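With compact mmCIF, C-alpha atoms inside, this is input-v3.txt:
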# COMPACT_ATOMS: atom_id res chain seq x y z
CA MET A 130 -18.74 2.48 11.04
CA SER A 131 -17.29 1.66 14.40
CA ARG A 132 -13.64 2.02 15.24
CA SER A 133 -13.25 -1.75 15.57
CA SER A 134 -14.87 -2.53 12.21
CA THR A 135 -12.67 0.07 10.50
CA GLU A 136 -9.55 -1.40 12.05
CA ALA A 137 -10.69 -4.91 11.00
CA LEU A 138 -11.19 -3.63 7.42
CA ILE A 139 -7.68 -2.18 7.28
CA PHE A 140 -6.28 -5.38 8.82
CA ASP A 141 -8.06 -7.44 6.12
CA TYR A 142 -6.75 -5.04 3.42
CA TYR A 143 -3.14 -5.66 4.49
CA GLN A 144 -3.64 -9.40 4.98
CA ALA A 145 -4.97 -9.67 1.41
CA PHE A 146 -1.98 -7.63 0.19
CA ASN A 147 0.47 -9.89 2.02
CA ARG A 148 -1.18 -13.01 0.58
CA GLY A 149 -1.00 -11.51 -2.92
CA ASP A 150 -4.77 -12.01 -3.18
CA MET A 151 -5.58 -9.10 -5.47
CA GLU A 152 -9.21 -10.18 -5.89
CA ALA A 153 -9.82 -9.96 -2.12
CA PHE A 154 -7.67 -6.82 -1.87
CA LEU A 155 -9.60 -4.95 -4.58
CA ALA A 156 -12.95 -6.13 -3.20
CA LEU A 157 -12.25 -4.03 -0.10
CA LEU A 158 -12.22 -0.80 -2.15
CA THR A 159 -15.11 1.43 -3.19
CA ASP A 160 -15.62 1.66 -6.95
CA ASP A 161 -14.57 5.34 -6.82
CA VAL A 162 -11.59 4.81 -4.49
CA ILE A 163 -9.01 7.59 -4.42
CA HIS A 164 -5.38 6.48 -4.39
CA ASP A 165 -2.73 9.04 -3.47
CA ILE A 166 0.53 7.58 -4.71
CA ASN A 167 3.65 8.25 -2.65
CA GLN A 168 5.42 11.30 -4.08
CA GLY A 169 3.19 11.00 -7.12
CA GLY A 170 -0.24 11.82 -8.36
CA ARG A 171 -3.77 10.96 -7.43
CA GLU A 172 -5.73 8.26 -9.22
CA GLN A 173 -9.40 7.49 -8.88
CA GLY A 174 -11.35 4.30 -9.41
CA LYS A 175 -10.92 0.64 -8.66
CA GLN A 176 -9.74 -0.10 -12.21
CA ALA A 177 -6.92 2.47 -11.93
CA PHE A 178 -5.92 0.96 -8.59
CA ALA A 179 -5.92 -2.54 -10.10
CA LEU A 180 -3.63 -1.40 -12.94
CA PHE A 181 -1.32 0.27 -10.43
CA MET A 182 -1.14 -2.92 -8.38
CA GLU A 183 -0.49 -5.02 -11.48
CA LYS A 184 2.51 -2.82 -12.30
CA MET A 185 3.73 -2.88 -8.70
CA ASN A 186 3.41 -6.64 -8.39
CA SER A 187 5.49 -7.16 -11.54
CA SER A 188 8.32 -4.96 -10.22
CA TYR A 189 8.24 -5.66 -6.47
CA LYS A 190 7.59 -8.56 -4.13
CA GLU A 191 6.63 -7.09 -0.77
CA GLU A 192 5.42 -8.20 2.63
CA LEU A 193 4.24 -5.75 5.26
CA LYS A 194 5.24 -6.48 8.86
CA ASN A 195 4.79 -4.83 12.26
CA ILE A 196 1.47 -3.33 11.15
CA VAL A 197 -0.13 -0.93 13.63
CA ILE A 198 -3.63 0.37 12.80
CA MET A 199 -5.31 3.38 14.40
CA SER A 200 -8.71 4.87 13.66
CA SER A 201 -10.90 7.83 14.52
CA GLY A 202 -13.67 7.41 17.07
CA ASP A 203 -16.35 7.41 14.37
CA GLY A 204 -14.42 4.93 12.20
CA ASP A 205 -14.45 7.18 9.12
CA ARG A 206 -10.67 7.55 9.02
CA ALA A 207 -7.73 5.36 9.84
CA ALA A 208 -3.97 5.28 9.69
CA ALA A 209 -1.48 2.45 9.57
CA GLU A 210 2.23 2.24 10.20
CA PHE A 211 4.25 -0.73 9.02
CA VAL A 212 7.59 -1.94 7.71
CA VAL A 213 7.88 -3.04 4.09
CA HIS A 214 10.17 -6.01 3.49
CA GLY A 215 10.66 -6.25 -0.23
CA GLU A 216 12.57 -7.45 -3.23
CA TYR A 217 13.04 -5.31 -6.34
CA LEU A 218 12.30 -7.69 -9.22
CA GLN A 219 11.95 -5.64 -12.38
CA THR A 220 13.17 -2.11 -13.15
CA ASP A 221 10.48 0.50 -12.57
CA GLU A 222 10.58 3.47 -14.95
CA GLY A 223 12.74 6.33 -13.67
CA LEU A 224 14.21 4.26 -10.82
CA PRO A 225 17.51 2.37 -10.42
CA GLU A 226 18.00 -0.92 -12.24
CA ALA A 227 16.45 -3.94 -10.55
CA ARG A 228 18.73 -6.86 -9.75
CA GLY A 229 16.71 -8.63 -7.07
CA GLN A 230 17.81 -6.22 -4.34
CA SER A 231 16.20 -6.56 -0.91
CA TYR A 232 15.01 -3.59 1.12
CA VAL A 233 13.39 -2.82 4.46
CA LEU A 234 11.46 0.42 4.56
CA PRO A 235 9.26 2.08 7.19
CA ALA A 236 6.00 3.32 5.68
CA GLY A 237 2.53 4.49 6.50
CA ALA A 238 -0.89 5.10 5.02
CA PHE A 239 -3.98 7.16 5.70
CA PHE A 240 -7.47 5.94 4.90
CA GLU A 241 -11.01 7.21 4.48
CA VAL A 242 -13.69 4.56 4.93
CA ARG A 243 -17.22 4.57 3.52
CA GLY A 244 -19.76 1.75 3.59
CA ASN A 245 -17.27 -0.68 5.15
CA LYS A 246 -14.85 -0.20 2.25
CA VAL A 247 -11.70 1.82 1.66
CA ALA A 248 -12.68 5.05 -0.13
CA ARG A 249 -9.21 6.66 -0.05
CA VAL A 250 -5.71 5.47 0.67
CA SER A 251 -2.69 7.77 0.78
CA ASN A 252 0.64 5.96 1.03
CA TYR A 253 3.87 7.46 2.35
CA TYR A 254 7.46 6.25 2.54
CA ASN A 255 10.91 7.76 2.10
CA LEU A 256 11.76 7.26 -1.58
CA ASP A 257 15.34 8.51 -1.07
CA ASP A 258 15.86 5.83 1.59
CA TRP A 259 14.52 3.15 -0.77
CA ILE A 260 16.77 4.35 -3.63
CA ALA A 261 19.82 4.32 -1.34
CA GLN A 262 19.04 0.77 -0.22
CA VAL A 263 18.64 -0.66 -3.73
CA LYS A 264 21.74 1.17 -5.02
CA GLU A 265 23.80 -0.06 -2.06
CA ALA A 266 22.54 -3.64 -2.48
CA GLY A 267 23.44 -3.63 -6.16

For the structure just supplied, provide its representation as structure tokens.
Amino acid sequence: MSRSSTEALIFDYYQAFNRGDMEAFLALLTDDVIHDINQGGREQGKQAFALFMEKMNSSYKEELKNIVIMSSGDGDRAAAEFVVHGEYLQTDEGLPEARGQSYVLPAGAFFEVRGNKVARVSNYYNLDDWIAQVKEAG
């Protein structure tokens, strides 16, 4: 893949996320996609990713802003930096109680791309910062 097509793929991935269009979002993934969860485990497969997103979408309403996408010269890898603007809707297991708190959180992700689809995504953000924001807002 070319650098520009990889960056367009990642752009489309985040646009689908921001629209809440999970069908389009998941269509951009390989069937065997690897998902490295922030400060968590590794899941594999589109179905596992879909279940993860279902859980996330029930607990959080998020929009990603200020997205910057970078990619390797061969287009096989990419990275993105962005700011998450969110609302904590429903308590997520092991985390503070949800009361509709708002948060703004810098984050990033690393990608592997294969066949014009996302084959791996590794997400990173500061969980302690998020916890402090939702506790303070409560």

Given the point (-5.8, 7.4, -4.3) in the coordinates of this file, which residues lie within 9 Å, counting all atoms listed in the file, and how would they look as a PyMOL selection string? chain A and resi 162-166+170-174+178+248-252

Put those residues in a file: C-alpha atoms, as a tab-separated table (two decimals), in the coordinates of the input.
chain	number	residue	atom	x	y	z
A	162	VAL	CA	-11.59	4.81	-4.49
A	163	ILE	CA	-9.01	7.59	-4.42
A	164	HIS	CA	-5.38	6.48	-4.39
A	165	ASP	CA	-2.73	9.04	-3.47
A	166	ILE	CA	0.53	7.58	-4.71
A	170	GLY	CA	-0.24	11.82	-8.36
A	171	ARG	CA	-3.77	10.96	-7.43
A	172	GLU	CA	-5.73	8.26	-9.22
A	173	GLN	CA	-9.40	7.49	-8.88
A	174	GLY	CA	-11.35	4.30	-9.41
A	178	PHE	CA	-5.92	0.96	-8.59
A	248	ALA	CA	-12.68	5.05	-0.13
A	249	ARG	CA	-9.21	6.66	-0.05
A	250	VAL	CA	-5.71	5.47	0.67
A	251	SER	CA	-2.69	7.77	0.78
A	252	ASN	CA	0.64	5.96	1.03

Who sits within 12 Å of stretch 137-154 of chain A, only C-alpha atoms, same chain under 5 positions skipped, as an MDAnalysis selection string: chainID A and resid 130:132 159 175:176 178:183 185:187 189:200 204:215 237:250

Atomic distance atom CA of A:Ser134 - atom CA of A:Asn167, expressed in Å with one decimal: 26.1 Å

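Comparing A:Glu136, A:Asp203, A:Asp257, A:Glu265 by their smallest distance to A:Gln230, the closest is A:Glu265 (using all atoms listed in the file).
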
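The interatomic distance for the pair atom CA of A:Gly229 and atom CA of A:Gln262 works out to 11.9 Å.
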
Please compute the atom CA of A:Asp258-atom CA of A:Leu158 distance, one decimal, in Å.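 Going from atom CA of A:Asp258 over to atom CA of A:Leu158, I get 29.1 Å.
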
Best match for closeness to A:Tyr254 among A:Ala177, A:Ala227, A:Ala236, A:Leu218, counting all atoms listed in the file: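 Closest to A:Tyr254 of all the choices is A:Ala236.
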
Can you work out which one of A:Thr135, A:Tyr253, A:Pro235, A:Ile260 has the shortest atom-to-atom distance to A:Gly223, counting only C-alpha atoms?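 Smallest separation from A:Gly223 among the options: A:Ile260.
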